[in-house]
Structures are given as C-alpha cells and as structure tokens.
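Undergrad: My structure is in entry39.csv, and what it holds is CSV, C-alpha atoms:
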```
chain,number,residue,atom,x,y,z
P,826,MET,CA,16.0,46.9,-24.3
P,827,HIS,CA,14.7,46.6,-20.7
P,828,SER,CA,15.5,43.3,-19.0
P,829,MET,CA,11.9,42.9,-17.9
P,830,THR,CA,10.8,42.7,-21.5
P,831,LEU,CA,13.3,40.0,-22.6
P,832,PRO,CA,12.0,36.5,-23.4
P,833,TYR,CA,13.1,33.6,-21.2
P,834,VAL,CA,16.1,31.7,-22.3
P,835,PRO,CA,17.6,28.7,-20.4
P,836,HIS,CA,21.0,29.5,-18.9
P,837,TYR,CA,24.0,28.0,-20.7
P,838,VAL,CA,26.4,26.6,-18.1
P,839,ALA,CA,29.9,27.0,-19.3
P,840,ALA,CA,33.0,25.2,-18.0
P,841,PRO,CA,34.8,26.8,-15.1
P,842,PRO,CA,38.1,28.4,-16.1
P,843,THR,CA,41.0,26.0,-16.3
P,844,THR,CA,43.6,25.7,-13.5
P,845,GLU,CA,46.3,24.3,-15.7
P,846,ASN,CA,49.5,26.2,-16.3
P,847,LEU,CA,49.5,26.7,-20.1
P,848,GLU,CA,51.9,28.6,-22.4
P,849,TYR,CA,49.7,31.6,-23.3
P,850,ALA,CA,50.3,34.2,-26.0
P,851,ASP,CA,51.0,37.6,-24.4
P,852,LEU,CA,48.5,39.6,-26.4
P,853,ALA,CA,48.0,43.3,-26.3
P,854,ILE,CA,44.8,44.7,-24.7
P,855,ILE,CA,43.1,47.5,-26.6
P,856,ASP,CA,40.8,49.7,-24.7
P,857,ILE,CA,38.4,50.6,-27.5
P,858,SER,CA,36.6,53.3,-25.4
P,859,LYS,CA,39.7,55.5,-25.9
P,860,ALA,CA,38.9,55.7,-29.6
P,861,SER,CA,36.3,58.4,-28.8
P,862,SER,CA,39.0,61.1,-28.6
P,863,GLU,CA,41.6,62.3,-31.1
P,864,GLU,CA,44.4,61.7,-28.6
P,865,GLY,CA,43.1,58.2,-27.8
P,866,CYS,CA,42.9,57.3,-31.4
P,867,ALA,CA,46.5,58.3,-32.1
P,868,ALA,CA,47.8,56.2,-29.2
P,869,LEU,CA,45.5,53.2,-30.1
P,870,ALA,CA,46.6,53.2,-33.7
P,871,ILE,CA,50.2,52.6,-32.6
P,872,GLU,CA,49.2,49.9,-30.1
P,873,LEU,CA,47.1,48.2,-32.7
P,874,ARG,CA,49.9,48.2,-35.3
P,875,GLU,CA,52.3,46.6,-32.9
P,876,ALA,CA,49.6,44.0,-31.9
P,877,LEU,CA,48.9,43.1,-35.5
P,878,LEU,CA,52.6,42.9,-36.4
P,879,ASN,CA,53.5,40.8,-33.3
P,880,PHE,CA,50.7,38.3,-33.1
P,881,GLY,CA,47.9,39.3,-35.4
P,882,PHE,CA,45.6,38.8,-32.4
P,883,PHE,CA,44.7,41.1,-29.6
P,884,TYR,CA,42.1,41.7,-26.8
P,885,VAL,CA,39.5,44.4,-26.9
P,886,VAL,CA,38.0,45.7,-23.6
P,887,ASN,CA,35.4,48.4,-22.7
P,888,HIS,CA,33.5,47.6,-25.8
P,889,GLY,CA,30.1,48.7,-24.6
P,890,TYR,CA,28.5,45.4,-23.5
P,891,SER,CA,28.2,44.6,-19.8
P,892,GLN,CA,29.0,41.2,-18.3
P,893,ALA,CA,25.3,40.5,-18.0
P,894,GLN,CA,24.6,41.4,-21.6
P,895,THR,CA,27.5,39.1,-22.7
P,896,ALA,CA,26.2,36.2,-20.6
P,897,ARG,CA,22.8,36.7,-22.1
P,898,MET,CA,24.2,36.4,-25.6
P,899,PHE,CA,25.9,33.1,-24.7
P,900,ASP,CA,22.5,31.8,-23.4
P,901,ILE,CA,21.0,32.9,-26.7
P,902,ALA,CA,23.8,31.3,-28.7
P,903,ASP,CA,23.0,27.9,-27.3
P,904,VAL,CA,19.3,28.1,-28.4
P,905,PRO,CA,19.9,27.0,-32.0
P,906,PHE,CA,21.6,23.9,-30.8
P,907,SER,CA,19.7,22.9,-27.6
P,908,ALA,CA,16.2,24.1,-28.5
P,909,VAL,CA,15.8,23.1,-32.1
P,910,THR,CA,15.2,19.5,-33.3
P,911,ASP,CA,17.4,17.8,-35.9
P,912,GLY,CA,14.5,17.8,-38.3
P,913,GLU,CA,14.1,21.6,-38.0
P,914,LYS,CA,17.8,22.1,-38.3
P,915,GLN,CA,17.7,20.4,-41.7
P,916,ILE,CA,15.1,22.9,-42.9
P,917,TYR,CA,17.4,25.7,-42.1
P,918,ALA,CA,20.6,24.1,-43.4
P,919,SER,CA,23.2,26.4,-45.1
P,920,THR,CA,23.8,26.1,-48.8
P,921,ARG,CA,27.5,26.5,-48.4
P,922,LYS,CA,28.4,23.6,-50.7
P,923,GLN,CA,26.1,24.8,-53.4
P,924,ASP,CA,26.6,28.6,-53.5
P,925,GLY,CA,29.0,29.4,-50.6
P,926,ILE,CA,26.4,31.0,-48.4
P,927,LEU,CA,27.0,30.2,-44.8
P,928,GLN,CA,23.7,31.5,-43.4
P,929,GLY,CA,21.9,28.7,-41.5
P,930,TYR,CA,23.2,25.5,-40.0
P,931,THR,CA,26.4,23.7,-40.8
P,932,SER,CA,25.8,20.3,-39.2
P,933,VAL,CA,28.1,18.1,-37.0
P,934,GLN,CA,30.5,16.0,-39.1
P,935,TYR,CA,30.6,18.4,-42.0
P,936,ALA,CA,34.3,18.8,-42.6
P,937,ASP,CA,36.6,15.9,-43.3
P,938,ASN,CA,39.6,16.1,-41.0
P,939,ASP,CA,42.6,14.4,-42.7
P,940,GLY,CA,40.3,12.0,-44.5
P,941,ARG,CA,40.0,10.0,-41.3
P,942,ILE,CA,37.3,11.5,-39.2
P,943,LEU,CA,34.6,14.2,-39.4
P,944,ASP,CA,34.5,17.2,-37.1
P,945,GLN,CA,32.4,17.4,-33.9
P,946,LEU,CA,31.1,20.9,-34.2
P,947,GLU,CA,27.9,22.6,-35.4
P,948,GLN,CA,27.3,26.2,-36.2
P,949,TYR,CA,24.4,28.6,-36.9
P,950,CYS,CA,25.2,31.6,-39.0
P,951,ILE,CA,23.1,34.8,-39.1
P,952,ASN,CA,23.7,37.6,-41.6
P,953,ARG,CA,24.3,41.0,-40.0
P,954,ASP,CA,20.8,41.8,-41.1
P,955,VAL,CA,18.8,39.1,-39.4
P,956,THR,CA,15.9,39.5,-41.8
P,957,LYS,CA,17.9,38.2,-44.7
P,958,ARG,CA,16.8,34.6,-44.0
P,959,ARG,CA,14.1,32.7,-42.1
P,960,HIS,CA,15.0,31.2,-38.7
P,961,PRO,CA,13.9,28.4,-36.5
P,962,GLU,CA,10.8,29.0,-34.3
P,963,ALA,CA,12.9,29.0,-31.0
P,964,LEU,CA,15.0,32.0,-32.3
P,965,LEU,CA,12.2,34.2,-33.5
P,966,PRO,CA,11.5,36.0,-30.2
P,967,LEU,CA,15.3,36.5,-29.8
P,968,LEU,CA,15.9,38.1,-33.2
P,969,PRO,CA,15.7,41.7,-31.9
P,970,GLU,CA,18.5,41.0,-29.4
P,971,ILE,CA,20.6,39.3,-32.1
P,972,GLN,CA,20.1,42.2,-34.4
P,973,GLU,CA,21.1,44.7,-31.7
P,974,PHE,CA,24.2,42.5,-31.0
P,975,SER,CA,25.1,42.4,-34.7
P,976,THR,CA,24.7,46.2,-35.1
P,977,HIS,CA,26.7,46.8,-31.9
P,978,ASN,CA,29.6,44.7,-33.2
P,979,TYR,CA,29.5,46.4,-36.6
P,980,PHE,CA,29.5,50.0,-35.5
P,981,ASN,CA,31.0,50.0,-32.1
P,982,VAL,CA,33.8,47.4,-32.5
P,983,VAL,CA,34.5,46.7,-36.2
P,984,HIS,CA,34.3,50.3,-37.4
P,985,PRO,CA,36.6,51.7,-34.7
P,986,ILE,CA,39.1,48.9,-35.4
P,987,LEU,CA,39.0,49.6,-39.2
P,988,ARG,CA,39.6,53.3,-38.5
P,989,LEU,CA,42.5,52.6,-36.3
P,990,ILE,CA,44.0,50.3,-38.9
P,991,ALA,CA,43.6,53.0,-41.6
P,992,ARG,CA,45.4,55.5,-39.3
P,993,SER,CA,48.2,53.0,-38.7
P,994,LEU,CA,48.6,53.0,-42.5
P,995,GLU,CA,48.5,56.8,-42.7
P,996,LEU,CA,45.3,56.6,-44.8
P,997,PRO,CA,42.0,58.5,-44.5
P,998,GLU,CA,40.2,57.1,-41.5
P,999,ASP,CA,37.1,55.9,-43.4
P,1000,ILE,CA,38.9,54.2,-46.3
P,1001,LEU,CA,38.3,50.7,-44.8
P,1002,VAL,CA,34.9,51.6,-43.2
P,1003,ASN,CA,33.8,52.5,-46.7
P,1004,LYS,CA,34.6,49.0,-47.8
P,1005,HIS,CA,32.4,47.6,-45.0
P,1006,ILE,CA,29.0,49.3,-45.5
P,1007,PHE,CA,26.3,47.8,-43.4
P,1008,ASP,CA,23.6,48.0,-46.1
P,1009,ALA,CA,25.8,46.8,-48.9
P,1010,VAL,CA,25.6,43.3,-50.3
P,1011,GLY,CA,27.9,41.1,-48.2
P,1012,GLU,CA,28.1,38.2,-45.7
P,1013,THR,CA,29.3,39.8,-42.5
P,1014,ALA,CA,27.7,37.7,-39.9
P,1015,VAL,CA,27.1,36.6,-36.3
P,1016,ARG,CA,28.1,32.9,-35.9
P,1017,PHE,CA,27.3,30.6,-33.0
P,1018,ILE,CA,29.5,27.5,-32.9
P,1019,LYS,CA,29.3,24.6,-30.5
P,1020,TYR,CA,32.0,22.0,-30.1
P,1021,TYR,CA,31.2,18.6,-28.6
P,1022,PRO,CA,33.7,16.3,-26.7
P,1023,ARG,CA,35.2,13.5,-28.7
P,1024,THR,CA,36.0,9.9,-27.9
P,1025,GLU,CA,39.6,8.9,-27.2
P,1026,GLU,CA,39.7,7.0,-30.5
P,1027,GLN,CA,38.7,10.2,-32.4
P,1028,GLU,CA,41.3,12.2,-30.6
P,1029,ALA,CA,44.0,9.7,-31.4
P,1030,LYS,CA,43.1,9.7,-35.1
P,1031,THR,CA,43.2,13.5,-35.4
P,1032,LYS,CA,46.2,14.0,-33.0
P,1033,ASN,CA,43.9,16.1,-30.8
P,1034,VAL,CA,43.3,18.8,-33.4
P,1035,TRP,CA,39.6,19.8,-33.5
P,1036,MET,CA,40.0,22.4,-36.3
P,1037,LYS,CA,43.1,22.5,-38.5
P,1038,GLY,CA,45.4,25.6,-38.4
P,1039,HIS,CA,44.0,28.2,-40.8
P,1040,THR,CA,43.5,31.9,-41.5
P,1041,ASP,CA,40.0,33.4,-41.6
P,1042,PHE,CA,38.9,34.6,-45.1
P,1043,GLY,CA,37.4,37.9,-44.0
P,1044,SER,CA,38.9,41.2,-42.7
P,1045,VAL,CA,38.2,41.3,-38.9
P,1046,THR,CA,37.1,38.4,-36.7
P,1047,ILE,CA,35.7,38.9,-33.2
P,1048,LEU,CA,35.5,36.0,-30.7
P,1049,TRP,CA,33.7,36.9,-27.5
P,1050,SER,CA,36.0,35.3,-24.9
P,1051,GLN,CA,34.8,32.1,-23.3
P,1052,PRO,CA,36.4,29.9,-20.6
P,1053,VAL,CA,37.2,26.7,-22.5
P,1054,ALA,CA,41.0,26.7,-23.3
P,1055,ALA,CA,41.2,25.3,-26.9
P,1056,LEU,CA,42.1,28.2,-29.2
P,1057,GLN,CA,45.8,28.3,-30.2
P,1058,ILE,CA,47.7,30.7,-32.4
P,1059,GLN,CA,50.9,30.1,-34.3
P,1060,THR,CA,53.6,32.7,-33.4
P,1061,ARG,CA,55.8,34.3,-36.0
P,1062,GLU,CA,58.5,31.8,-34.7
P,1063,GLY,CA,56.2,28.9,-35.6
P,1064,GLU,CA,55.3,27.9,-32.0
P,1065,TRP,CA,51.7,27.2,-30.8
P,1066,ARG,CA,50.4,29.3,-27.9
P,1067,TRP,CA,47.1,29.2,-26.1
P,1068,ILE,CA,44.7,32.1,-25.9
P,1069,ARG,CA,43.8,33.0,-22.4
P,1070,HIS,CA,40.2,33.6,-21.4
P,1071,MET,CA,39.6,37.2,-20.3
P,1072,GLU,CA,36.2,37.8,-18.7
P,1073,ASN,CA,34.0,40.0,-20.9
P,1074,ALA,CA,36.8,40.7,-23.4
P,1075,LEU,CA,36.9,40.2,-27.1
P,1076,VAL,CA,39.6,38.2,-28.9
P,1077,VAL,CA,40.2,39.9,-32.3
P,1078,ASN,CA,42.2,38.9,-35.3
P,1079,VAL,CA,42.5,39.9,-39.0
P,1080,GLY,CA,42.1,37.5,-42.0
P,1081,ASP,CA,42.8,37.1,-45.6
P,1082,ALA,CA,40.9,40.2,-46.8
P,1083,MET,CA,43.0,42.4,-44.6
P,1084,ASP,CA,46.2,40.6,-45.9
P,1085,PHE,CA,45.1,41.3,-49.5
P,1086,LEU,CA,44.2,45.0,-48.8
P,1087,THR,CA,47.4,45.8,-46.9
P,1088,GLY,CA,49.7,44.1,-49.3
P,1089,GLY,CA,50.8,41.5,-46.8
P,1090,TYR,CA,51.6,44.1,-44.1
P,1091,TYR,CA,48.9,42.8,-41.7
P,1092,LYS,CA,48.8,39.1,-42.3
P,1093,GLY,CA,46.2,36.7,-41.0
P,1094,THR,CA,47.5,34.7,-38.2
P,1095,ILE,CA,47.3,30.9,-38.3
P,1096,HIS,CA,45.1,29.6,-35.6
P,1097,ARG,CA,43.5,26.2,-34.7
P,1098,VAL,CA,41.2,24.6,-32.2
P,1099,PHE,CA,42.9,22.0,-30.0
P,1100,GLN,CA,41.4,19.4,-27.6
P,1101,PRO,CA,40.5,21.3,-24.4
P,1102,VAL,CA,42.7,20.8,-21.3
P,1103,VAL,CA,42.0,18.0,-18.9
P,1104,ASP,CA,39.8,19.9,-16.4
P,1105,GLN,CA,37.5,21.1,-19.2
P,1106,ARG,CA,37.5,18.1,-21.4
P,1107,ASP,CA,33.9,16.9,-20.6
P,1108,TYR,CA,32.3,20.2,-21.4
P,1109,THR,CA,31.0,21.6,-24.6
P,1110,ARG,CA,32.7,24.7,-26.0
P,1111,LEU,CA,30.2,27.4,-27.1
P,1112,GLY,CA,31.5,30.2,-29.2
P,1113,VAL,CA,30.0,33.6,-30.1
P,1114,PHE,CA,31.7,35.1,-33.1
P,1115,TYR,CA,31.3,38.1,-35.4
P,1116,PHE,CA,33.0,37.7,-38.8
P,1117,ALA,CA,33.4,41.1,-40.6
P,1118,ILE,CA,33.8,40.8,-44.3
P,1119,PRO,CA,34.2,43.6,-46.9
P,1120,ASN,CA,31.3,44.4,-49.3
P,1121,ASP,CA,31.0,41.7,-51.9
P,1122,ASP,CA,32.1,44.0,-54.8
P,1123,ILE,CA,35.4,45.0,-53.2
P,1124,LYS,CA,38.3,43.9,-55.3
P,1125,LEU,CA,41.0,42.5,-53.0
P,1126,VAL,CA,44.0,44.6,-54.2
P,1127,PRO,CA,46.5,46.4,-52.0
P,1128,MET,CA,45.9,50.0,-50.9
P,1129,ILE,CA,49.0,51.3,-52.6
P,1130,GLU,CA,48.2,54.9,-51.7
P,1131,SER,CA,49.3,54.1,-48.1
P,1132,PRO,CA,52.6,55.9,-47.3
P,1133,VAL,CA,53.4,53.1,-44.9
P,1134,LEU,CA,53.0,50.4,-47.5
P,1135,GLN,CA,55.1,52.4,-49.9
P,1136,ARG,CA,57.9,52.5,-47.3
P,1137,VAL,CA,57.9,48.9,-46.2
P,1138,GLY,CA,57.1,47.4,-49.6
P,1139,ILE,CA,54.0,45.5,-50.8
P,1140,GLN,CA,53.8,41.7,-50.9
P,1141,LYS,CA,51.0,40.9,-53.4
P,1142,ARG,CA,49.4,37.5,-53.0
P,1143,CYS,CA,48.5,37.6,-56.7
P,1144,GLU,CA,48.6,40.0,-59.6
P,1145,ASP,CA,46.0,42.8,-59.4
P,1146,SER,CA,44.5,41.6,-62.7
P,1147,GLU,CA,43.9,38.2,-61.1
P,1148,ALA,CA,42.8,39.4,-57.7
P,1149,PRO,CA,39.4,38.1,-56.6
P,1150,THR,CA,36.5,40.2,-55.4
P,1151,MET,CA,35.4,39.6,-51.8
P,1152,GLU,CA,32.4,37.7,-53.1
P,1153,GLN,CA,34.6,35.4,-55.2
P,1154,TRP,CA,37.1,34.8,-52.3
P,1155,ARG,CA,34.5,34.1,-49.6
P,1156,LYS,CA,32.5,31.8,-51.8
P,1157,VAL,CA,35.3,29.6,-52.9
P,1158,ARG,CA,36.8,29.5,-49.4
P,1159,THR,CA,33.4,28.6,-47.9
P,1160,MET,CA,32.6,26.0,-50.6
P,1161,THR,CA,35.9,24.2,-50.4
P,1162,TYR,CA,36.4,24.1,-46.6
P,1163,GLY,CA,36.6,20.5,-45.4
P,1164,GLN,CA,35.6,19.3,-48.9
P,1165,SER,CA,38.5,19.9,-51.2
P,1166,GLU,CA,41.5,17.5,-51.7
P,1167,LEU,CA,44.6,19.0,-50.1
P,1168,LYS,CA,48.1,18.4,-51.3
P,1169,SER,CA,51.2,18.1,-49.0
P,1170,GLY,CA,53.1,21.4,-48.9
P,1171,LYS,CA,56.8,22.0,-48.6
P,1172,GLU,CA,56.5,22.6,-44.8
P,1173,LYS,CA,56.1,19.7,-42.5
P,1174,GLY,CA,52.5,19.1,-41.4
P,1175,VAL,CA,51.2,21.7,-43.9
P,1176,GLU,CA,48.7,20.9,-46.7
P,1177,GLU,CA,47.9,23.3,-49.5
P,1178,GLU,CA,45.3,24.2,-52.1
P,1179,ILE,CA,45.5,26.9,-54.7
P,1180,ILE,CA,42.6,29.4,-55.0
P,1181,TYR,CA,42.7,32.2,-57.6
P,1182,GLY,CA,46.4,31.6,-57.9
P,1183,VAL,CA,46.9,32.0,-54.1
P,1184,ILE,CA,48.3,29.3,-52.0
P,1185,VAL,CA,46.0,28.6,-49.0
P,1186,LYS,CA,47.7,26.6,-46.3
P,1187,HIS,CA,46.1,24.2,-43.7
P,1188,TYR,CA,48.2,23.3,-40.6
P,1189,ASN,CA,47.8,19.9,-38.9
```
Output the file's structure as structure tokens, nothing else.

TA:
Amino acid sequence: MHSMTLPYVPHYVAAPPTTENLEYADLAIIDISKASSEEGCAALAIELREALLNFGFFYVVNHGYSQAQTARMFDIADVPFSAVTDGEKQIYASTRKQDGILQGYTSVQYADNDGRILDQLEQYCINRDVTKRRHPEALLPLLPEIQEFSTHNYFNVVHPILRLIARSLELPEDILVNKHIFDAVGETAVRFIKYYPRTEEQEAKTKNVWMKGHTDFGSVTILWSQPVAALQIQTREGEWRWIRHMENALVVNVGDAMDFLTGGYYKGTIHRVFQPVVDQRDYTRLGVFYFAIPNDDIKLVPMIESPVLQRVGIQKRCEDSEAPTMEQWRKVRTMTYGQSELKSGKEKGVEEEIIYGVIVKHYN
C-alpha cells in the first residue's frame, strides 16, 4: 500500500522512554526472519523452547514491518479513542457480558478491581477478518490497513511461532497451524487498548496495580512494543520484573490454550500492568495487540503424541473428558473477567475462580 494513498491520521505522541533504572526481565530475542531456512528453524526452535521454559515471554525482531509502518499503526490505534464520540462508542460496544464476544468497545471502568475501584482503560477489539462487524465512521477508511496488519500478524508472525513450537515438541510442523486456520470460526483479533492516568487516591486503593496478574486465555499474544514502562511479568521464582521497551520489536507470550495443548510444558506466564514509572506517569499508554486463539472447535487436550511431552510427563489441567473447547474457554474467561466473585487462594495476594474444573488465579 503506497504511502501517498493512505488517509490522514493524527499522530499519536507517545511518552519518551523512561530514564529510570528498573529491574528488567532478561528476555530472549528471536529473529523470526531466520525461520525462512531449515537451518534457521532448527536453531530458533531451541531458542524458543528455552525462552518459553525460562520466562514464557520473548522478543521478536525482523518481523517484516518497518519502524514507519509500526508508528502508523499506533496512530491508527488511537483513532477509536480520540476520534469517536462516547455516543458512537456505545453503538459499537462489545457484547462480552452477554455472549463472550470481545469485538467492539469495552468501556473505561468495566472491570471491578478488588471491589474498590473500576479500571481506567478502554479497548477496541477487531476480529482478524475486519468485515465480521461494523465499525465507527472514523475507522472505515483505515480498515484496509488494519486488515493488512491482521493478516501480517497471523501469517508472518503467529504461524512461524506455532511451527517453531511444534518443532520444539518434535511434532509435525503444521500441527498447531492447523488448529489456527484463518478462515475458521474463531476470535483471533487485533486489540487496541488505551490506559489513562489515575488519581493518587485511585492508586492508593489499588496498590498501584492497573490490571491484576493473570494469564491470557489464548495461545499466542503479541504486544507491539511501546515506551511506557508498565508491563511486569512474574518470574518462575515469584518475583516481578519489568518488560523493557525495544524499538520496533514484538513482546510475545503464550497463554492458557498453549498450556492445555502442551500438557503444562509451556505454561502461560503471569503478567500484570502496574502504574507507570514517575517520568511517564502523566502520559496515556496506548497498546497494539494481536491475540491469537485456536479455532473455536478445537478441544483443549494435550498433544500426547509429542515425544517431548512423553519424556517429561504431562500435567493435565483437567480430565480430557471435561476439557473445554476453545470456544467454551474463551467465552467464559471473557464473560467473567472483572465481573465474577473471586475467592482468596492459598497463596498470599492470590484470588481464584474455578472454570471447567480448572483453577484460574488472579494476582494482586
């Protein structure tokens, strides 16, 4: 798509990178361009396995989008929030409470944080096929670019990662790709999320936590790196570490669906959003995400044919007979988020709910 043909979009001014000295997670950097050769794939599969076992998060570079293209997507990501009226946002509100469909707007103050204060973020979710739903007027001229972005994430980032994961499990390369068919029924989506600064009183009531520690419910999550330091992951030792911004890189992690499918070998990592550091505290935090989710009809049971899983042992989250389909899991996780009554868990600062016989933890 030639730059001269692109519609005008106001530039989103992000916060400058922080100068604070933070305890960052030392994440692996995966050069996805090397996946184009057999030798590269073999090496990357080993790197990816170590990254997933160590932190469950890693960076992806050389993903095919230039810095200018990435900056353009952040400008587009702000349009649903800055160029659409509150009244129009209501017209395109998601039906997540009713049927677990995230497409559309989730408004500010949706989730109840600890029963004391509502969140300060809003999001706009677009199915990987942008024609699945109507969109606000301001987004209509931008849909071709959003579709191109969605398709790029799906085939040039998610699929290579799925093939590398399959290799690392000594499985046929396309076994996971075949569970993520672009035209199948499912809710893989682009999500734009904007966080707004809070008052000191709000920060005190939530102990500076903007989004509780959680795992994602899908298979692969892609965060296009942005400068506001707020994302933290919990290490295997239980310590919180910040995620460092890397220009034009992707921050990638796996979620519940991958945990189910790999019999607990590749676990979703607990992560949270914390109040940004002091020199970025007055800025909004705009996120560009791609949430990859298996086809709705995929039953979330371990791939027991993997020689690796046979050697290390399989940790089932539930009995195969009780295992949910992806549709069932995503719907109930989406419908209950921020709305269900959580109970105190055995671990300090951890609340729990049980979904399909599986304990889902929320970390304060």

Undergrad: Take atom CA of P:Ala839 and atom CA of P:Ala902 and report the distance between them in Å, one decimal.

TA: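 Between these atoms lies a distance of 12.0 Å.
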
Undergrad: Using only C-alpha atoms, which residues of stretch 911-991 of chain P come within 8 Å of stretch 1004-1019 of chain P, and what is the closest atom pair for each, with the distance in Å to one decimal? Give it as a tab-separated table, sorted by chain and residue number.

TA:
```
residue	atom	partner	partner_atom	distance
P:Ile926	CA	P:Glu1012	CA	7.9
P:Leu946	CA	P:Lys1019	CA	5.5
P:Glu947	CA	P:Lys1019	CA	5.5
P:Gln948	CA	P:Ile1018	CA	4.2
P:Tyr949	CA	P:Phe1017	CA	5.3
P:Cys950	CA	P:Arg1016	CA	4.4
P:Ile951	CA	P:Val1015	CA	5.2
P:Asn952	CA	P:Ala1014	CA	4.3
P:Arg953	CA	P:Ala1014	CA	4.7
P:Ser975	CA	P:Val1015	CA	6.3
P:Tyr979	CA	P:Phe1007	CA	7.6
```

Undergrad: Could you tell me how far atom CA of P:Val1133 sits from atom CA of P:Leu869, in Å to one decimal place?

TA: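 Result for atom CA of P:Leu869 versus atom CA of P:Val1133: 16.8 Å, one decimal.
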
Undergrad: Using only C-alpha atoms, which residues sit within 10 Å of P:Glu1130 once same-chain residues fewer than 2 positions away are excluded, as a list in words?

TA: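 Surrounding residues, per the criterion: Leu994, Glu995, Leu996, Pro1127, Met1128, Pro1132, Val1133, Leu1134 and Gln1135 of chain P.
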
Undergrad: So, counting all atoms listed in the file, which residue among P:Met1160, P:Asp856, P:His1096, P:Tyr884 is closest to P:Arg1061?

TA: P:His1096

Undergrad: Quick one: of P:Glu913, P:Asp1081, P:Glu1028, P:Glu845, who's nearest to P:Glu962, counting all atoms listed in the file?

TA: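 Selected residue with least distance to P:Glu962: P:Glu913.
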
Undergrad: When distances are computed from all atoms listed in the file, which of P:Val1137, P:Ile854, P:Ala1082, P:Val1102 shows the smallest separation from P:Thr1150?

TA: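 Closest residue, counting all atoms listed in the file: P:Ala1082.
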
Undergrad: Find the residues near P:Arg1066: any atom within 7 Å, counting only C-alpha atoms, skip ones fewer than 6 places away on the same chain, and give them as a list of chain:residue names.

TA: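 In the requested form, the answer reads P:Glu848, P:Tyr849, P:Ala850, P:Gln1057, P:Ile1058, P:Gln1059.
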
Undergrad: Return the padded bounding box of stretch 962-980 of chain P as AutoDock Vina command-line options: axis-aligned, built from all atoms listed in the file, 4 Å added on each side, with centre and edge lengths in Å to one decimal.

TA:
```
--center_x 20.2 --center_y 39.5 --center_z -33.0 --size_x 26.8 --size_y 29.0 --size_z 15.2
```

Undergrad: Please list, as a list in words, the residues that have an atom at most 6 Å away from (32.5, 29.4, -23.0) in the coordinates of this file, counting all atoms listed in the file.

TA: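 Those residues lying close to the given coordinates are Ala839, Gln1051, Pro1052, Val1053, Arg1110 and Leu1111 of chain P.
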
Undergrad: Between P:Pro969, P:Gly1112, P:Pro1119, P:Pro1149, single out the one closest to P:Gly1043, counting all atoms listed in the file.

TA: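 Comparing P:Pro969, P:Gly1112, P:Pro1119, P:Pro1149 against P:Gly1043, the winner is P:Pro1119.
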
Undergrad: Tell me which protein, DNA and RNA residues are within 8 Å of P:Leu927, counting all atoms listed in the file, leaving out same-chain ones fewer than 4 positions away, and put them as a PDB file with C-alpha atoms, in the coordinates of the input.

TA:
```
ATOM      1  CA  SER P 919      23.200  26.400 -45.100  1.00  0.00           C
ATOM      2  CA  THR P 920      23.800  26.100 -48.800  1.00  0.00           C
ATOM      3  CA  ARG P 921      27.500  26.500 -48.400  1.00  0.00           C
ATOM      4  CA  THR P 931      26.400  23.700 -40.800  1.00  0.00           C
ATOM      5  CA  CYS P 950      25.200  31.600 -39.000  1.00  0.00           C
ATOM      6  CA  THR P1159      33.400  28.600 -47.900  1.00  0.00           C
TER       7      THR P1159
END
```

Undergrad: For P:Asp1041, which residue among P:Asn1073, P:Thr1087, P:Thr1094, P:Gln928 is the nearest when counting all atoms listed in the file?

TA: P:Thr1094

Undergrad: Because the input lacks atoms here, generate N, CA and C atoms for stretch 888-903 of chain P and report them as a PDB file, in the frame of the given file.

TA:
```
ATOM      1  N   HIS P 888      34.104  47.558 -24.525  1.00  0.00           N
ATOM      2  CA  HIS P 888      33.500  47.600 -25.800  1.00  0.00           C
ATOM      3  C   HIS P 888      31.995  47.942 -25.812  1.00  0.00           C
ATOM      4  N   GLY P 889      31.466  48.179 -24.622  1.00  0.00           N
ATOM      5  CA  GLY P 889      30.100  48.700 -24.600  1.00  0.00           C
ATOM      6  C   GLY P 889      29.041  47.683 -24.122  1.00  0.00           C
ATOM      7  N   TYR P 890      29.400  46.405 -24.008  1.00  0.00           N
ATOM      8  CA  TYR P 890      28.500  45.400 -23.500  1.00  0.00           C
ATOM      9  C   TYR P 890      28.867  45.048 -22.065  1.00  0.00           C
ATOM     10  N   SER P 891      27.891  44.998 -21.179  1.00  0.00           N
ATOM     11  CA  SER P 891      28.200  44.600 -19.800  1.00  0.00           C
ATOM     12  C   SER P 891      28.362  43.112 -19.697  1.00  0.00           C
ATOM     13  N   GLN P 892      28.863  42.662 -18.546  1.00  0.00           N
ATOM     14  CA  GLN P 892      29.000  41.200 -18.300  1.00  0.00           C
ATOM     15  C   GLN P 892      27.678  40.510 -18.430  1.00  0.00           C
ATOM     16  N   ALA P 893      26.632  41.141 -17.916  1.00  0.00           N
ATOM     17  CA  ALA P 893      25.300  40.500 -18.000  1.00  0.00           C
ATOM     18  C   ALA P 893      24.800  40.410 -19.401  1.00  0.00           C
ATOM     19  N   GLN P 894      25.029  41.431 -20.204  1.00  0.00           N
ATOM     20  CA  GLN P 894      24.600  41.400 -21.600  1.00  0.00           C
ATOM     21  C   GLN P 894      25.374  40.291 -22.364  1.00  0.00           C
ATOM     22  N   THR P 895      26.671  40.166 -22.069  1.00  0.00           N
ATOM     23  CA  THR P 895      27.500  39.100 -22.700  1.00  0.00           C
ATOM     24  C   THR P 895      27.001  37.745 -22.324  1.00  0.00           C
ATOM     25  N   ALA P 896      26.734  37.539 -21.040  1.00  0.00           N
ATOM     26  CA  ALA P 896      26.200  36.200 -20.600  1.00  0.00           C
ATOM     27  C   ALA P 896      24.912  35.901 -21.243  1.00  0.00           C
ATOM     28  N   ARG P 897      24.070  36.900 -21.405  1.00  0.00           N
ATOM     29  CA  ARG P 897      22.800  36.700 -22.100  1.00  0.00           C
ATOM     30  C   ARG P 897      23.000  36.244 -23.522  1.00  0.00           C
ATOM     31  N   MET P 898      23.994  36.805 -24.209  1.00  0.00           N
ATOM     32  CA  MET P 898      24.200  36.400 -25.600  1.00  0.00           C
ATOM     33  C   MET P 898      24.722  34.956 -25.674  1.00  0.00           C
ATOM     34  N   PHE P 899      25.471  34.498 -24.690  1.00  0.00           N
ATOM     35  CA  PHE P 899      25.900  33.100 -24.700  1.00  0.00           C
ATOM     36  C   PHE P 899      24.683  32.181 -24.450  1.00  0.00           C
ATOM     37  N   ASP P 900      23.750  32.614 -23.596  1.00  0.00           N
ATOM     38  CA  ASP P 900      22.500  31.800 -23.400  1.00  0.00           C
ATOM     39  C   ASP P 900      21.754  31.751 -24.742  1.00  0.00           C
ATOM     40  N   ILE P 901      21.660  32.883 -25.442  1.00  0.00           N
ATOM     41  CA  ILE P 901      21.000  32.900 -26.700  1.00  0.00           C
ATOM     42  C   ILE P 901      21.712  32.042 -27.757  1.00  0.00           C
ATOM     43  N   ALA P 902      23.041  32.061 -27.707  1.00  0.00           N
ATOM     44  CA  ALA P 902      23.800  31.300 -28.700  1.00  0.00           C
ATOM     45  C   ALA P 902      23.597  29.807 -28.599  1.00  0.00           C
ATOM     46  N   ASP P 903      23.189  29.320 -27.428  1.00  0.00           N
ATOM     47  CA  ASP P 903      23.000  27.900 -27.300  1.00  0.00           C
ATOM     48  C   ASP P 903      21.588  27.451 -27.799  1.00  0.00           C
TER      49      ASP P 903
END
```
